[in-house]
$ cat input.cif   # mmCIF, C-alpha atoms
data_protein
#
loop_
_atom_site.label_atom_id
_atom_site.label_comp_id
_atom_site.auth_asym_id
_atom_site.auth_seq_id
_atom_site.Cartn_x
_atom_site.Cartn_y
_atom_site.Cartn_z
CA MET A 30 -21.97 -7.61 -31.45
CA SER A 31 -18.86 -9.20 -32.89
CA TYR A 32 -16.85 -8.02 -35.88
CA PRO A 33 -14.63 -10.83 -37.23
CA GLY A 34 -11.50 -9.95 -39.17
CA LYS A 35 -8.65 -11.94 -40.66
CA ARG A 36 -6.54 -12.02 -37.46
CA ILE A 37 -8.76 -10.53 -34.74
CA THR A 38 -12.43 -10.40 -33.79
CA ILE A 39 -13.57 -7.23 -32.05
CA HIS A 40 -16.48 -7.50 -29.59
CA ASP A 41 -18.61 -4.42 -28.88
CA ASN A 42 -21.22 -4.15 -26.11
CA ARG A 43 -23.03 -0.85 -26.87
CA ALA A 44 -25.17 -1.13 -23.71
CA ILE A 45 -22.19 -0.38 -21.48
CA CYS A 46 -20.27 2.05 -23.70
CA ALA A 47 -19.48 5.31 -21.89
CA HIS A 48 -18.67 7.11 -25.16
CA ALA A 49 -15.29 8.24 -23.83
CA GLY A 50 -13.86 8.25 -27.35
CA ALA A 51 -10.84 6.07 -26.52
CA CYS A 52 -11.51 4.06 -29.67
CA THR A 53 -12.76 6.64 -32.17
CA ASP A 54 -10.19 9.25 -31.15
CA ASN A 55 -7.22 6.86 -31.20
CA LEU A 56 -7.80 4.52 -34.15
CA LYS A 57 -10.14 6.07 -36.71
CA SER A 58 -9.28 3.48 -39.37
CA VAL A 59 -10.90 0.75 -37.25
CA PHE A 60 -13.49 2.60 -35.13
CA ARG A 61 -15.27 4.67 -37.77
CA MET A 62 -17.94 7.14 -36.80
CA ARG A 63 -20.93 7.55 -39.13
CA THR A 64 -20.03 4.40 -41.12
CA GLU A 65 -21.66 0.98 -41.15
CA PRO A 66 -20.35 -1.33 -39.99
CA TRP A 67 -18.67 1.08 -37.62
CA ILE A 68 -15.86 -1.35 -36.75
CA ASP A 69 -13.36 -2.59 -39.36
CA PRO A 70 -11.23 -5.29 -37.67
CA ASP A 71 -8.85 -5.30 -40.66
CA GLY A 72 -8.37 -1.51 -40.64
CA ALA A 73 -5.07 -1.54 -38.68
CA ALA A 74 -2.41 -3.85 -37.31
CA VAL A 75 -3.58 -6.21 -34.57
CA GLU A 76 -1.14 -4.65 -32.09
CA GLU A 77 -2.66 -1.19 -32.67
CA ILE A 78 -6.18 -2.55 -32.24
CA VAL A 79 -5.29 -4.35 -29.00
CA ALA A 80 -3.60 -1.22 -27.60
CA THR A 81 -6.68 0.87 -28.40
CA ILE A 82 -9.15 -1.64 -26.95
CA ARG A 83 -7.10 -1.76 -23.73
CA LYS A 84 -7.84 1.99 -23.34
CA CYS A 85 -11.62 1.44 -23.29
CA PRO A 86 -12.69 2.51 -19.79
CA SER A 87 -16.15 0.93 -19.80
CA GLY A 88 -15.30 -2.60 -20.89
CA ALA A 89 -17.60 -2.25 -23.91
CA LEU A 90 -14.78 -3.38 -26.21
CA SER A 91 -12.88 -6.65 -26.08
CA TYR A 92 -11.24 -8.88 -28.64
CA SER A 93 -10.56 -12.50 -29.54
CA ILE A 94 -7.51 -13.95 -31.22
CA ASP A 95 -7.52 -17.60 -32.28
CA GLY A 96 -10.86 -18.08 -30.51
CA VAL A 97 -9.61 -16.85 -27.11
CA GLU A 98 -11.36 -13.75 -25.78
CA HIS A 99 -9.33 -11.08 -24.03
CA ARG A 100 -11.44 -8.78 -21.86
CA ASP A 101 -9.66 -7.96 -18.61
CA GLN A 102 -6.25 -6.66 -17.61
CA GLU A 103 -4.09 -6.84 -14.51
CA ARG A 104 -4.38 -3.41 -12.90
CA PRO A 105 -4.41 -2.07 -9.36
CA PRO A 106 -7.85 -1.31 -7.91
CA MET A 107 -8.74 2.32 -8.62
CA VAL A 108 -11.75 4.62 -8.93
CA THR A 109 -11.27 7.64 -11.20
CA VAL A 110 -13.67 10.55 -11.57
CA THR A 111 -13.54 11.32 -15.28
CA ASN A 112 -13.85 14.87 -16.55
CA ASP A 113 -17.56 15.60 -17.24
CA GLY A 114 -18.28 11.86 -17.28
CA PRO A 115 -18.63 8.66 -15.28
CA TYR A 116 -16.63 7.04 -12.52
CA ALA A 117 -14.09 4.71 -14.17
CA ILE A 118 -13.46 1.56 -12.11
CA THR A 119 -10.42 -0.67 -12.71
CA GLY A 120 -8.69 -3.53 -10.96
CA GLY A 121 -11.66 -5.77 -10.28
CA ILE A 122 -13.30 -3.77 -7.51
CA GLU A 123 -16.40 -5.75 -6.57
CA LEU A 124 -19.71 -4.01 -7.12
CA MET A 125 -22.05 -5.50 -4.51
CA ASP A 126 -25.55 -6.74 -5.37
CA VAL A 127 -25.48 -5.52 -8.98
CA PRO A 128 -25.95 -7.94 -11.87
CA PHE A 129 -23.51 -7.58 -14.75
CA GLY A 130 -24.83 -8.21 -18.25
CA ASP A 131 -23.52 -10.87 -20.59
CA GLY A 132 -20.02 -10.06 -21.74
CA ALA A 133 -19.52 -7.21 -19.25
CA SER A 134 -16.11 -6.90 -17.64
CA ARG A 135 -15.90 -7.21 -13.88
CA GLU A 136 -12.31 -5.92 -13.97
CA HIS A 137 -13.12 -2.52 -15.48
CA TYR A 138 -16.38 -0.66 -15.99
CA THR A 139 -17.89 2.82 -15.72
CA LEU A 140 -20.60 3.98 -13.33
CA CYS A 141 -23.12 6.72 -14.11
CA ARG A 142 -22.50 10.04 -12.41
CA CYS A 143 -25.05 12.20 -14.25
CA GLY A 144 -28.16 10.22 -13.28
CA GLN A 145 -29.39 9.88 -16.89
CA SER A 146 -28.18 6.35 -17.79
CA LYS A 147 -30.83 3.86 -18.79
CA ASN A 148 -28.46 1.10 -17.65
CA LYS A 149 -27.82 2.25 -14.06
CA PRO A 150 -25.62 1.93 -12.19
CA PHE A 151 -23.51 1.60 -15.34
CA CYS A 152 -22.82 4.51 -17.68
CA ASP A 153 -24.39 4.30 -21.13
CA GLY A 154 -23.02 7.61 -22.42
CA ALA A 155 -26.21 9.58 -21.65
CA HIS A 156 -24.11 12.34 -20.04
CA TRP A 157 -23.24 13.56 -23.56
CA ASN A 158 -26.87 14.29 -24.50
CA ALA A 159 -27.69 15.53 -21.00
CA GLY A 160 -24.89 18.11 -21.19
CA PHE A 161 -23.48 16.89 -17.87
CA ARG A 162 -20.60 19.03 -16.64
CA ASP A 163 -18.52 18.90 -13.49
CA PRO A 164 -19.11 21.80 -11.10
CA ALA A 165 -16.80 24.76 -11.70
CA LYS A 166 -13.67 24.54 -9.65
#

$ encode --input "input.cif" --output "structure tokens"
Amino acid sequence: MSYPGKRITIHDNRAICAHAGACTDNLKSVFRMRTEPWIDPDGAAVEEIVATIRKCPSGALSYSIDGVEHRDQERPPMVTVTNDGPYAITGGIELMDVPFGDGASREHYTLCRCGQSKNKPFCDGAHWNAGFRDPAK
């Protein structure tokens, strides 16, 4: 879904959101929980919105300015095991024989680690409801 504003359009792909909270925790004036529409593209300066979207680990968020979509970043290839959540993939690591949905980033995405995602191998945030926790260290 797209949320057009005066200077920026924010794109949100709920099917691949890992619910990491990078948006709602960092920019509550734009990414508003329990409010419809939940995204207000005019709720903060464009620079703040871009910085927050760049923190999205799953690739669910992207943005367009002047009709040009910005989805991917230049980052080194890396796989990160997130705390009580999915594997976060960055840097364009190729995922073999797996179709990516429309609008999904191939540069960064999250992979299910709890086994509960309905969008496997991608994370859909189901670990929250499943109560997934890393083994005690």

$ resolve_selection --input "input.cif" --expression "the PyMOL selection byres ((chain A and resi 68-77) around 9)" --output "short mmCIF file (atom, residue, chain, number, x, y, z; two decimals) with C-alpha atoms, in the frame of the given file"
data_model
loop_
_atom_site.label_atom_id
_atom_site.label_comp_id
_atom_site.auth_asym_id
_atom_site.auth_seq_id
_atom_site.Cartn_x
_atom_site.Cartn_y
_atom_site.Cartn_z
CA TYR A 32 -16.85 -8.02 -35.88
CA PRO A 33 -14.63 -10.83 -37.23
CA GLY A 34 -11.50 -9.95 -39.17
CA LYS A 35 -8.65 -11.94 -40.66
CA ARG A 36 -6.54 -12.02 -37.46
CA ILE A 37 -8.76 -10.53 -34.74
CA THR A 38 -12.43 -10.40 -33.79
CA ILE A 39 -13.57 -7.23 -32.05
CA ASP A 41 -18.61 -4.42 -28.88
CA LEU A 56 -7.80 4.52 -34.15
CA LYS A 57 -10.14 6.07 -36.71
CA SER A 58 -9.28 3.48 -39.37
CA VAL A 59 -10.90 0.75 -37.25
CA PHE A 60 -13.49 2.60 -35.13
CA ARG A 61 -15.27 4.67 -37.77
CA MET A 62 -17.94 7.14 -36.80
CA THR A 64 -20.03 4.40 -41.12
CA GLU A 65 -21.66 0.98 -41.15
CA PRO A 66 -20.35 -1.33 -39.99
CA TRP A 67 -18.67 1.08 -37.62
CA ILE A 78 -6.18 -2.55 -32.24
CA VAL A 79 -5.29 -4.35 -29.00
CA ALA A 80 -3.60 -1.22 -27.60
CA THR A 81 -6.68 0.87 -28.40
CA ILE A 82 -9.15 -1.64 -26.95
#

$ closest_residue --input "input.cif" --among "A:Asp54, A:Asp113, A:Glu123, A:Asp131" --to "His40 (chain A)" --atoms "all atoms listed in the file"
A:Asp131

$ residues_near_point --input "input.cif" --point "(-19.2, 9.5, -19.1)" --cutoff "12 Å" --atoms "all atoms listed in the file" --output "ChimeraX atom specification"
/A:45-51,85-87,109-117,138-146,151-163

$ residues_around --input "input.cif" --residues "Leu124 (chain A)" --least-positions-apart "4" --cutoff "12 Å" --atoms "all atoms listed in the file" --output "list in words"
Val108, Ile118, Thr119, Gly120, Pro128, Phe129, Ser134, Arg135, Glu136, His137, Tyr138, Thr139, Leu140, Pro150 and Phe151 of chain A

$ atom_distance --input "input.cif" --atom1 "CA of Asn55 (chain A)" --atom2 "CA of Leu90 (chain A)"
13.7 Å

$ closest_residue --input "input.cif" --among "A:Lys147, A:Arg104, A:Arg43, A:Arg63" --to "Arg83 (chain A)" --atoms "all atoms listed in the file"
A:Arg104

$ atom_distance --input "input.cif" --atom1 "CA of Gly96 (chain A)" --atom2 "CA of Ser31 (chain A)"
12.2 Å

$ atom_distance --input "input.cif" --atom1 "CA of Thr53 (chain A)" --atom2 "CA of Met30 (chain A)"
17.0 Å
